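Engineer: Pasting a structure below so you can have a look.
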Amino acid sequence: MSPAADRLWIKDPLAIVADGAERGLVVEGRTIAELVPAGAEPSAPARVFDASRHVVLPGLINTHHHFYQTLTRAHPAAIDKPLFPWLKALYPLWARLTPEDLRAATRIALVELLMSGCTTAADHHYLYPAGLEQAVDIEVEAARDVGLRMTVTRGSMNLSEKDGGLPPDSVVQDEDAILRDSERVLNLFHDPRRGADIRIGLAPCSPFTVTERLMRETAALAERHDCALHTHLAETADEEAFCVARYGCRPVDLLERNGWLVPRTWVAHGIHFDDAEVARLGRHGVGVCHCAASNMVLASGICRTVELEAAGAPVGLGVDGSASNDASNMMEALRQALMIGRLRYGAERVSHRDVIRWGTEGSARCLGRDDVGRIAPGMQADLALFTLDETRFAGAHDPVAALVLCNANRADRVMVGGRWRVEDGHPVGLDLAKMIADQRQAAKRFA
C-alpha cells in the first residue's frame, strides 16, 4: 500500500515534548492525526520525514509584541531609559509611521518570530497617526503572506498629553472612531473557529493612555463578538502611581470596575501585583504575558510567574516590542524567562520544562485557544524542529534542556497548519534579503 499523500510521519525524533510519541507523530492535512509510541508504527501509511536529528517542540506562541517597533531598535534616543521617559523619547518618532513602514516592519517581525520556532503570534498595535487607519488590515495581509497564525489586537489610545495622558496628540484617536474601527476589523477578520489562522483582539493600550469609557465600551464589544481583550498592566511603579492619582485605585481595581476581570482578558507584564491581586487574577482566569527581556531592558521588575500560575492565572510568554527587547526571538524569550525566574525563585522552582510550557500551552490559554500549544491528536499541526549540530550544543546530554540552556535561537524546520514554513533554517517562498533591505530603508526615516 502506498503512503497517503496527505499523511506525514515525522519519524523517530531525537527528542519530542509530548508523552507517548517516542517514535514521532503523524500529520494529516492541517492537524495532528496520531502520536507514535515506542515500538509502534503509524496506524495507516504515511510519507516519512526523518526527524532523527531534530528536537520537536509544539510551535511557540508569542502573546505580546509591537511589530512596528522593529524600526527603532537600539535607538539612541531611548537607550538607557525606564518606561515613561523611553516612551516620551520614541512617541514623536513613531508618529512618522506610514503604511509602507508598518508593512515592512510587520513582515520582518513575523519572519524573525517564525525562524525562532514561533507559529502563533499576538501583536498589540495601538499607534494610529493620520494615514494609518488600515493598520490591522496591513498586519493581517502580512501574516497570511508569511504564514503565521495571528491574534491581531486592534489597540487604541485616546488619552493624550493635553488630557493628562502620556502620548502626544498626533498618535491618539477619538473614542468613537476607535470603536467603529474595532467593529469593522472584527467583522472583516475575526475567526473564532478551531484552527483559525486570524483572530482579532481588542486592546486599549494602558491605564495611562485610555479613558475608562473606552475600556468599558471595548469590553462590551469584545463580549458581543466573542474576542479576546488585552492591555498593558502593572508594568511599572509609575503606572501604579498614575492610576492612584487619576482614578483613585490600583491597576487591577481599574480592570475590575470596567468589566475586564474575565477569562477573555490577558495582560502584558503583570509585575506589580500584590498577593491579593494575584489571587483575584487567578480566580477570574485572567492571563498574564511575561516579557522577561523588555522588563530587564527597561528595569521594570520581574513578573510573579510562579505565584500567578499557582493561583490559576494562565501564564504565557512574549518578546514585547522590538524597541524594548531589540529582538523578536521566542527561543531567546524562553531562556530569558528561565534565567530571571531562577534569579527570583531559586534554581529548583523554575525549570526548562516550565518555560517551554509557558511559551506553548500557557500562551495558548492566554489567547483563549485550545487548538494550539500541544502535540496531541486533534491539535493543529504547528511544530518547531531544532537540530543540535552547532558548537553551542556540543557535549549536551538532555536534548530538550539543551535548547533552553545552551541558547537555541533558530529553528531548522517550522510547520504551521501542516505546511512547512521554514526549511533548513530559511523561510519558504520569501525573499529575506529584500525584506531586510526594505526594513533598513524604512528605518532611515526614524533616525
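Identifiers in this document derive from the order of the C-alpha cells: chains are assigned A, B, ..., residues are numbered from 1 separately in each chain, and ligands are numbered from 1 in order of occurrence.
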Any chance you could tabulate, as a Markdown table, the residues of stretch 360-445 of chain A at most 8 Å from stretch 17-25 of chain A with each one's nearest atom pair and distance in Å to one decimal, using only C-alpha atoms, in chain and rising number order?
Structural biologist:
| residue | atom | partner | partner_atom | distance |
| --- | --- | --- | --- | --- |
| A:Arg374 | CA | A:Ala18 | CA | 7.6 |
| A:Ile375 | CA | A:Ala18 | CA | 5.8 |
| A:Ala376 | CA | A:Ala18 | CA | 7.4 |
| A:Val400 | CA | A:Val17 | CA | 7.7 |
Engineer: Output C-alpha atoms of each residue in that selection to a file, as an mmCIF file, in the first residue's frame.
Structural biologist:
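Saved file selection.cif follows:
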data_model
loop_
_atom_site.group_PDB
_atom_site.id
_atom_site.type_symbol
_atom_site.label_atom_id
_atom_site.label_comp_id
_atom_site.auth_asym_id
_atom_site.auth_seq_id
_atom_site.Cartn_x
_atom_site.Cartn_y
_atom_site.Cartn_z
ATOM 1 C CA ARG A 374 0.427 20.998 22.498
ATOM 2 C CA ILE A 375 1.462 17.986 20.436
ATOM 3 C CA ALA A 376 -1.613 15.774 20.660
ATOM 4 C CA VAL A 400 15.209 19.344 25.333
#
Engineer: Mind dumping a table of every stretch 355-389 of chain A residue within 12 Å of stretch 110-114 of chain A, with the nearest atom pair and its distance in Å to one decimal, using only C-alpha atoms, sorted by chain and rising number, as JSON lines?
Structural biologist:
{"residue": "A:Asp382", "atom": "CA", "partner": "A:Leu114", "partner_atom": "CA", "distance": 11.2}
{"residue": "A:Leu383", "atom": "CA", "partner": "A:Leu114", "partner_atom": "CA", "distance": 10.7}
{"residue": "A:Ala384", "atom": "CA", "partner": "A:Leu114", "partner_atom": "CA", "distance": 9.1}
{"residue": "A:Leu385", "atom": "CA", "partner": "A:Leu114", "partner_atom": "CA", "distance": 11.6}
Engineer: Could you list, as a ChimeraX atom specification, every residue within 6 Å of A:Glu34, counting only C-alpha atoms and ignoring same-chain residues fewer than 2 positions away?
Structural biologist: /A:25-26,32,377
Engineer: Stretch 277-365 of chain A near stretch 56-76 of chain A within 7 Å: what's each residue's closest atom pair and its distance in Å to one decimal, counting only C-alpha atoms, ordered by chain then ascending residue number, as JSON lines?
Structural biologist:
{"residue": "A:Cys289", "atom": "CA", "partner": "A:Thr63", "partner_atom": "CA", "distance": 6.3}
{"residue": "A:Gly316", "atom": "CA", "partner": "A:Thr63", "partner_atom": "CA", "distance": 6.6}
{"residue": "A:Leu317", "atom": "CA", "partner": "A:Thr63", "partner_atom": "CA", "distance": 6.0}
{"residue": "A:Gly318", "atom": "CA", "partner": "A:His64", "partner_atom": "CA", "distance": 4.6}
{"residue": "A:Val319", "atom": "CA", "partner": "A:His65", "partner_atom": "CA", "distance": 6.1}
{"residue": "A:Asp320", "atom": "CA", "partner": "A:His65", "partner_atom": "CA", "distance": 4.1}
{"residue": "A:Gly321", "atom": "CA", "partner": "A:His66", "partner_atom": "CA", "distance": 4.3}
{"residue": "A:Ser322", "atom": "CA", "partner": "A:Thr70", "partner_atom": "CA", "distance": 4.9}
{"residue": "A:Ala323", "atom": "CA", "partner": "A:Arg73", "partner_atom": "CA", "distance": 4.4}
{"residue": "A:Asp326", "atom": "CA", "partner": "A:Arg73", "partner_atom": "CA", "distance": 5.1}
{"residue": "A:Met330", "atom": "CA", "partner": "A:Asn62", "partner_atom": "CA", "distance": 6.8}
{"residue": "A:Gly359", "atom": "CA", "partner": "A:Leu60", "partner_atom": "CA", "distance": 5.7}
{"residue": "A:Thr360", "atom": "CA", "partner": "A:Leu60", "partner_atom": "CA", "distance": 5.2}
{"residue": "A:Ser363", "atom": "CA", "partner": "A:Ile61", "partner_atom": "CA", "distance": 5.8}
{"residue": "A:Ala364", "atom": "CA", "partner": "A:Ile61", "partner_atom": "CA", "distance": 6.8}
Engineer: Convert the current residue selection to file output with C-alpha atoms, as a PDB file, in the first residue's frame.
Structural biologist:
ATOM      1  CA  CYS A 289       2.136  37.520  29.474  1.00  0.00           C
ATOM      2  CA  GLY A 316       2.349  32.967  28.709  1.00  0.00           C
ATOM      3  CA  LEU A 317       5.474  34.486  27.212  1.00  0.00           C
ATOM      4  CA  GLY A 318       6.072  37.413  24.887  1.00  0.00           C
ATOM      5  CA  VAL A 319       9.035  39.099  23.276  1.00  0.00           C
ATOM      6  CA  ASP A 320       7.376  42.533  23.634  1.00  0.00           C
ATOM      7  CA  GLY A 321       8.208  45.344  21.250  1.00  0.00           C
ATOM      8  CA  SER A 322      11.456  45.114  19.389  1.00  0.00           C
ATOM      9  CA  ALA A 323      12.475  48.533  20.689  1.00  0.00           C
ATOM     10  CA  ASP A 326      15.695  44.573  20.354  1.00  0.00           C
ATOM     11  CA  MET A 330      10.795  33.310  21.074  1.00  0.00           C
ATOM     12  CA  GLY A 359       5.689  29.563  25.800  1.00  0.00           C
ATOM     13  CA  THR A 360       3.279  26.960  24.384  1.00  0.00           C
ATOM     14  CA  SER A 363       0.450  31.243  25.845  1.00  0.00           C
ATOM     15  CA  ALA A 364      -2.352  29.389  24.058  1.00  0.00           C
TER      16      ALA A 364
END
Engineer: Per DSSP on the backbone, what are the alpha helix (DSSP H) residues of stretch 198-259 of chain A, as a PyMOL selection string?
Structural biologist: chain A and resi 212-225+237-247+251-257
Engineer: Could you jot down the atom CA of A:His54 to atom CA of A:Val355 separation for me, Å, one decimal place?
Structural biologist: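 So the answer is 19.6 Å.
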Engineer: Please extract the residues of stretch 62-198 of chain A with a backbone DSSP assignment of strand (DSSP E or B) and present them as a CSV table (one decimal) with all heavy atoms, in the first residue's frame.
Structural biologist:
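After the write, states-v9.csv holds the following:
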chain,number,residue,atom,x,y,z
A,62,ASN,N,3.8,33.5,20.8
A,62,ASN,CA,4.2,34.8,21.3
A,62,ASN,C,2.9,35.6,21.7
A,62,ASN,O,2.1,35.9,20.8
A,62,ASN,CB,5.0,35.6,20.3
A,62,ASN,CG,5.3,37.0,20.7
A,62,ASN,OD1,5.6,37.3,21.8
A,62,ASN,ND2,5.4,37.9,19.7
A,118,CYS,N,8.4,30.2,16.3
A,118,CYS,CA,7.1,30.7,16.7
A,118,CYS,C,6.1,30.4,15.6
A,118,CYS,O,6.4,30.7,14.4
A,118,CYS,CB,7.2,32.2,17.0
A,118,CYS,SG,5.7,33.0,17.4
A,119,THR,N,5.0,29.9,15.9
A,119,THR,CA,3.9,29.6,14.9
A,119,THR,C,2.6,30.4,15.1
A,119,THR,O,1.8,30.5,14.2
A,119,THR,CB,3.6,28.1,15.0
A,119,THR,OG1,3.2,27.7,16.3
A,119,THR,CG2,4.8,27.3,14.5
A,120,THR,N,2.5,31.0,16.3
A,120,THR,CA,1.3,31.9,16.5
A,120,THR,C,1.8,33.1,17.3
A,120,THR,O,2.6,33.0,18.2
A,120,THR,CB,0.2,31.1,17.4
A,120,THR,OG1,-0.2,30.0,16.8
A,120,THR,CG2,-0.9,32.1,17.7
A,121,ALA,N,1.3,34.3,16.8
A,121,ALA,CA,1.8,35.5,17.5
A,121,ALA,C,0.6,36.4,17.7
A,121,ALA,O,-0.4,36.5,16.9
A,121,ALA,CB,2.8,36.2,16.6
A,122,ALA,N,0.7,37.2,18.8
A,122,ALA,CA,-0.2,38.3,19.0
A,122,ALA,C,0.5,39.6,18.9
A,122,ALA,O,1.6,39.7,19.5
A,122,ALA,CB,-0.9,38.2,20.4
A,123,ASP,N,0.0,40.5,18.1
A,123,ASP,CA,0.6,41.8,18.0
A,123,ASP,C,-0.3,42.9,18.6
A,123,ASP,O,-1.5,42.8,18.3
A,123,ASP,CB,1.0,42.2,16.6
A,123,ASP,CG,1.8,43.5,16.6
A,123,ASP,OD1,2.8,43.5,17.3
A,123,ASP,OD2,1.4,44.4,15.9
A,124,HIS,N,0.2,43.8,19.4
A,124,HIS,CA,-0.6,44.9,20.0
A,124,HIS,C,-0.2,46.1,19.3
A,124,HIS,O,0.7,46.8,19.6
A,124,HIS,CB,-0.2,45.0,21.5
A,124,HIS,CG,-1.1,45.9,22.3
A,124,HIS,ND1,-0.9,46.1,23.6
A,124,HIS,CD2,-2.1,46.7,21.9
A,124,HIS,CE1,-1.7,47.0,24.0
A,124,HIS,NE2,-2.5,47.4,23.0
A,125,HIS,N,-1.1,46.5,18.3
A,125,HIS,CA,-0.8,47.7,17.5
A,125,HIS,C,-1.8,48.8,18.0
A,125,HIS,O,-3.0,48.7,17.8
A,125,HIS,CB,-1.0,47.5,16.0
A,125,HIS,CG,-0.6,48.7,15.3
A,125,HIS,ND1,0.7,49.0,14.9
A,125,HIS,CD2,-1.3,49.8,14.9
A,125,HIS,CE1,0.8,50.2,14.3
A,125,HIS,NE2,-0.4,50.7,14.3
A,149,ARG,N,0.0,32.0,12.3
A,149,ARG,CA,-1.3,32.3,12.9
A,149,ARG,C,-1.1,33.6,13.6
A,149,ARG,O,-0.1,33.9,14.2
A,149,ARG,CB,-1.7,31.3,13.9
A,149,ARG,CG,-2.0,29.9,13.2
A,149,ARG,CD,-2.5,29.0,14.3
A,149,ARG,NE,-2.3,27.6,13.8
A,149,ARG,CZ,-3.1,27.0,13.0
A,149,ARG,NH1,-4.2,27.6,12.5
A,149,ARG,NH2,-2.8,25.8,12.5
A,150,MET,N,-2.2,34.4,13.7
A,150,MET,CA,-2.1,35.6,14.5
A,150,MET,C,-3.4,36.0,15.2
A,150,MET,O,-4.5,35.7,14.7
A,150,MET,CB,-1.7,36.8,13.6
A,150,MET,CG,-0.3,37.1,13.4
A,150,MET,SD,0.1,38.7,12.8
A,150,MET,CE,-0.2,39.7,14.3
A,151,THR,N,-3.2,36.5,16.4
A,151,THR,CA,-4.2,37.4,17.0
A,151,THR,C,-3.8,38.8,16.9
A,151,THR,O,-2.8,39.2,17.5
A,151,THR,CB,-4.4,37.0,18.5
A,151,THR,OG1,-5.0,35.7,18.6
A,151,THR,CG2,-5.4,38.0,19.1
A,152,VAL,N,-4.4,39.5,15.9
A,152,VAL,CA,-4.0,40.9,15.7
A,152,VAL,C,-4.9,41.7,16.6
A,152,VAL,O,-6.1,41.7,16.5
A,152,VAL,CB,-4.3,41.4,14.3
A,152,VAL,CG1,-3.8,42.8,14.1
A,152,VAL,CG2,-3.5,40.4,13.3
A,153,THR,N,-4.3,42.4,17.6
A,153,THR,CA,-5.2,43.2,18.5
A,153,THR,C,-5.3,44.6,18.0
A,153,THR,O,-4.2,45.3,17.8
A,153,THR,CB,-4.6,43.1,20.0
A,153,THR,OG1,-3.4,43.8,20.1
A,153,THR,CG2,-4.5,41.7,20.5
A,154,ARG,N,-6.5,45.0,17.9
A,154,ARG,CA,-6.8,46.4,17.5
A,154,ARG,C,-6.6,47.3,18.7
A,154,ARG,O,-7.5,47.4,19.6
A,154,ARG,CB,-8.2,46.5,16.9
A,154,ARG,CG,-8.5,47.7,16.0
A,154,ARG,CD,-8.3,49.1,16.7
A,154,ARG,NE,-8.6,50.2,15.7
A,154,ARG,CZ,-8.3,51.4,16.0
A,154,ARG,NH1,-7.8,51.8,17.1
A,154,ARG,NH2,-8.6,52.3,15.1
A,155,GLY,N,-5.4,47.8,18.9
A,155,GLY,CA,-5.1,48.6,20.0
A,155,GLY,C,-5.6,50.0,19.9
A,155,GLY,O,-6.2,50.4,18.8
A,156,SER,N,-5.5,50.8,20.9
A,156,SER,CA,-6.1,52.1,20.9
A,156,SER,C,-5.5,53.0,22.0
A,156,SER,O,-5.1,52.5,23.1
A,156,SER,CB,-7.6,52.1,21.1
A,156,SER,OG,-7.9,51.4,22.2
A,198,ILE,N,-6.5,33.6,11.6
A,198,ILE,CA,-6.6,35.0,12.1
A,198,ILE,C,-7.7,35.2,13.1
A,198,ILE,O,-8.8,34.8,12.8
A,198,ILE,CB,-6.8,36.0,10.9
A,198,ILE,CG1,-5.7,35.8,9.8
A,198,ILE,CG2,-6.9,37.4,11.4
A,198,ILE,CD1,-4.3,36.3,10.3
Engineer: For a quick check of understanding, using only C-alpha atoms, which of A:Val172, A:Leu166, A:Ala105, A:Ile302 has the smallest distance to A:Lys88?
Structural biologist: A:Leu166
Engineer: Considering only C-alpha atoms, return as a tab-separated table (two decimals) with N, CA and C atoms, in the first residue's frame whatever protein or nucleic-acid residues lie within 7 Å of A:Val171, sequence-local ones (same chain, fewer than 4 positions apart) excluded.
Structural biologist:
chain	number	residue	atom	x	y	z
A	95	ALA	N	5.34	58.64	15.52
A	95	ALA	CA	4.28	59.42	14.85
A	95	ALA	C	4.53	59.54	13.35
A	127	LEU	N	-0.93	52.31	17.74
A	127	LEU	CA	-0.43	53.60	17.25
A	127	LEU	C	-1.14	53.96	15.93
A	128	TYR	N	-1.88	55.06	15.94
A	128	TYR	CA	-2.68	55.43	14.77
A	128	TYR	C	-2.50	56.89	14.38
A	129	PRO	N	-1.30	57.27	13.90
A	129	PRO	CA	-1.16	58.61	13.34
A	129	PRO	C	-1.99	58.73	12.06
A	167	PRO	N	0.82	59.92	25.77
A	167	PRO	CA	1.20	60.10	24.37
A	167	PRO	C	0.84	61.49	23.83
Engineer: Determine, counting only C-alpha atoms, which protein, DNA and RNA residues have an atom within 10 Å of an atom of A:Ala408; residues of the same chain fewer than 3 positions away are not included. Present the result as a ChimeraX atom specification.
Structural biologist: /A:116-117,330-332,334-335,386-388,390,392-393,402-405,411
Engineer: Store the residues picked out above, limited to N, CA, C and O atoms, as a PDB file, in the first residue's frame.
Structural biologist:
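Final output, selection-v8.pdb:
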ATOM      1  N   SER A 116      12.491  31.606  14.675  1.00  0.00           N
ATOM      2  CA  SER A 116      12.844  31.205  16.044  1.00  0.00           C
ATOM      3  C   SER A 116      11.968  30.073  16.552  1.00  0.00           C
ATOM      4  O   SER A 116      12.121  29.652  17.710  1.00  0.00           O
ATOM      5  N   GLY A 117      11.039  29.576  15.725  1.00  0.00           N
ATOM      6  CA  GLY A 117      10.174  28.475  16.134  1.00  0.00           C
ATOM      7  C   GLY A 117       8.780  28.900  16.539  1.00  0.00           C
ATOM      8  O   GLY A 117       8.006  28.083  17.051  1.00  0.00           O
ATOM      9  N   MET A 330      11.502  33.991  19.993  1.00  0.00           N
ATOM     10  CA  MET A 330      10.795  33.310  21.074  1.00  0.00           C
ATOM     11  C   MET A 330      11.667  32.317  21.827  1.00  0.00           C
ATOM     12  O   MET A 330      11.478  32.112  23.028  1.00  0.00           O
ATOM     13  N   MET A 331      12.635  31.685  21.177  1.00  0.00           N
ATOM     14  CA  MET A 331      13.517  30.789  21.930  1.00  0.00           C
ATOM     15  C   MET A 331      14.355  31.588  22.920  1.00  0.00           C
ATOM     16  O   MET A 331      14.586  31.147  24.057  1.00  0.00           O
ATOM     17  N   GLU A 332      14.792  32.759  22.521  1.00  0.00           N
ATOM     18  CA  GLU A 332      15.513  33.607  23.467  1.00  0.00           C
ATOM     19  C   GLU A 332      14.603  34.024  24.610  1.00  0.00           C
ATOM     20  O   GLU A 332      15.039  34.117  25.769  1.00  0.00           O
ATOM     21  N   LEU A 334      12.251  32.264  25.955  1.00  0.00           N
ATOM     22  CA  LEU A 334      12.196  31.148  26.903  1.00  0.00           C
ATOM     23  C   LEU A 334      13.413  31.153  27.821  1.00  0.00           C
ATOM     24  O   LEU A 334      13.284  31.002  29.044  1.00  0.00           O
ATOM     25  N   ARG A 335      14.582  31.316  27.250  1.00  0.00           N
ATOM     26  CA  ARG A 335      15.798  31.287  28.072  1.00  0.00           C
ATOM     27  C   ARG A 335      15.827  32.453  29.059  1.00  0.00           C
ATOM     28  O   ARG A 335      16.203  32.294  30.227  1.00  0.00           O
ATOM     29  N   PHE A 386      14.256  21.653  15.970  1.00  0.00           N
ATOM     30  CA  PHE A 386      15.589  22.204  16.145  1.00  0.00           C
ATOM     31  C   PHE A 386      16.625  21.087  16.037  1.00  0.00           C
ATOM     32  O   PHE A 386      16.386  19.966  16.494  1.00  0.00           O
ATOM     33  N   THR A 387      17.778  21.393  15.460  1.00  0.00           N
ATOM     34  CA  THR A 387      18.904  20.461  15.481  1.00  0.00           C
ATOM     35  C   THR A 387      19.892  20.903  16.552  1.00  0.00           C
ATOM     36  O   THR A 387      19.882  22.049  16.996  1.00  0.00           O
ATOM     37  N   LEU A 388      20.747  19.978  16.940  1.00  0.00           N
ATOM     38  CA  LEU A 388      21.782  20.262  17.935  1.00  0.00           C
ATOM     39  C   LEU A 388      23.164  20.155  17.304  1.00  0.00           C
ATOM     40  O   LEU A 388      24.111  19.666  17.921  1.00  0.00           O
ATOM     41  N   GLU A 390      25.114  22.674  16.175  1.00  0.00           N
ATOM     42  CA  GLU A 390      26.012  23.814  16.329  1.00  0.00           C
ATOM     43  C   GLU A 390      26.982  23.593  17.491  1.00  0.00           C
ATOM     44  O   GLU A 390      26.748  22.772  18.375  1.00  0.00           O
ATOM     45  N   ARG A 392      27.455  25.346  20.036  1.00  0.00           N
ATOM     46  CA  ARG A 392      26.882  25.660  21.354  1.00  0.00           C
ATOM     47  C   ARG A 392      26.281  24.423  22.030  1.00  0.00           C
ATOM     48  O   ARG A 392      26.096  24.415  23.240  1.00  0.00           O
ATOM     49  N   PHE A 393      25.936  23.386  21.237  1.00  0.00           N
ATOM     50  CA  PHE A 393      25.312  22.195  21.795  1.00  0.00           C
ATOM     51  C   PHE A 393      26.297  21.034  21.982  1.00  0.00           C
ATOM     52  O   PHE A 393      25.916  19.977  22.496  1.00  0.00           O
ATOM     53  N   ALA A 402      18.784  21.284  26.498  1.00  0.00           N
ATOM     54  CA  ALA A 402      19.834  21.978  25.759  1.00  0.00           C
ATOM     55  C   ALA A 402      19.283  23.132  24.926  1.00  0.00           C
ATOM     56  O   ALA A 402      19.949  24.158  24.768  1.00  0.00           O
ATOM     57  N   LEU A 403      18.070  22.977  24.391  1.00  0.00           N
ATOM     58  CA  LEU A 403      17.504  24.065  23.594  1.00  0.00           C
ATOM     59  C   LEU A 403      17.427  25.352  24.393  1.00  0.00           C
ATOM     60  O   LEU A 403      17.700  26.436  23.873  1.00  0.00           O
ATOM     61  N   VAL A 404      17.048  25.233  25.662  1.00  0.00           N
ATOM     62  CA  VAL A 404      16.894  26.417  26.505  1.00  0.00           C
ATOM     63  C   VAL A 404      18.224  26.810  27.132  1.00  0.00           C
ATOM     64  O   VAL A 404      18.653  27.966  27.056  1.00  0.00           O
ATOM     65  N   LEU A 405      18.904  25.853  27.740  1.00  0.00           N
ATOM     66  CA  LEU A 405      20.112  26.170  28.496  1.00  0.00           C
ATOM     67  C   LEU A 405      21.283  26.564  27.609  1.00  0.00           C
ATOM     68  O   LEU A 405      22.102  27.402  27.987  1.00  0.00           O
ATOM     69  N   ALA A 411      15.277  27.850  14.529  1.00  0.00           N
ATOM     70  CA  ALA A 411      14.730  26.536  14.216  1.00  0.00           C
ATOM     71  C   ALA A 411      15.236  26.075  12.851  1.00  0.00           C
ATOM     72  O   ALA A 411      15.477  26.885  11.950  1.00  0.00           O
TER      73      ALA A 411
END
Engineer: Might you pull out every residue within 12 Å of A:Asp253, with only C-alpha atoms counted and same-chain residues fewer than 3 positions away left off, and present them as a PyMOL selection string?
Structural biologist: chain A and resi 207+212+233-234+240+243-244+247-250+256-261+273-274+276-277+280-281
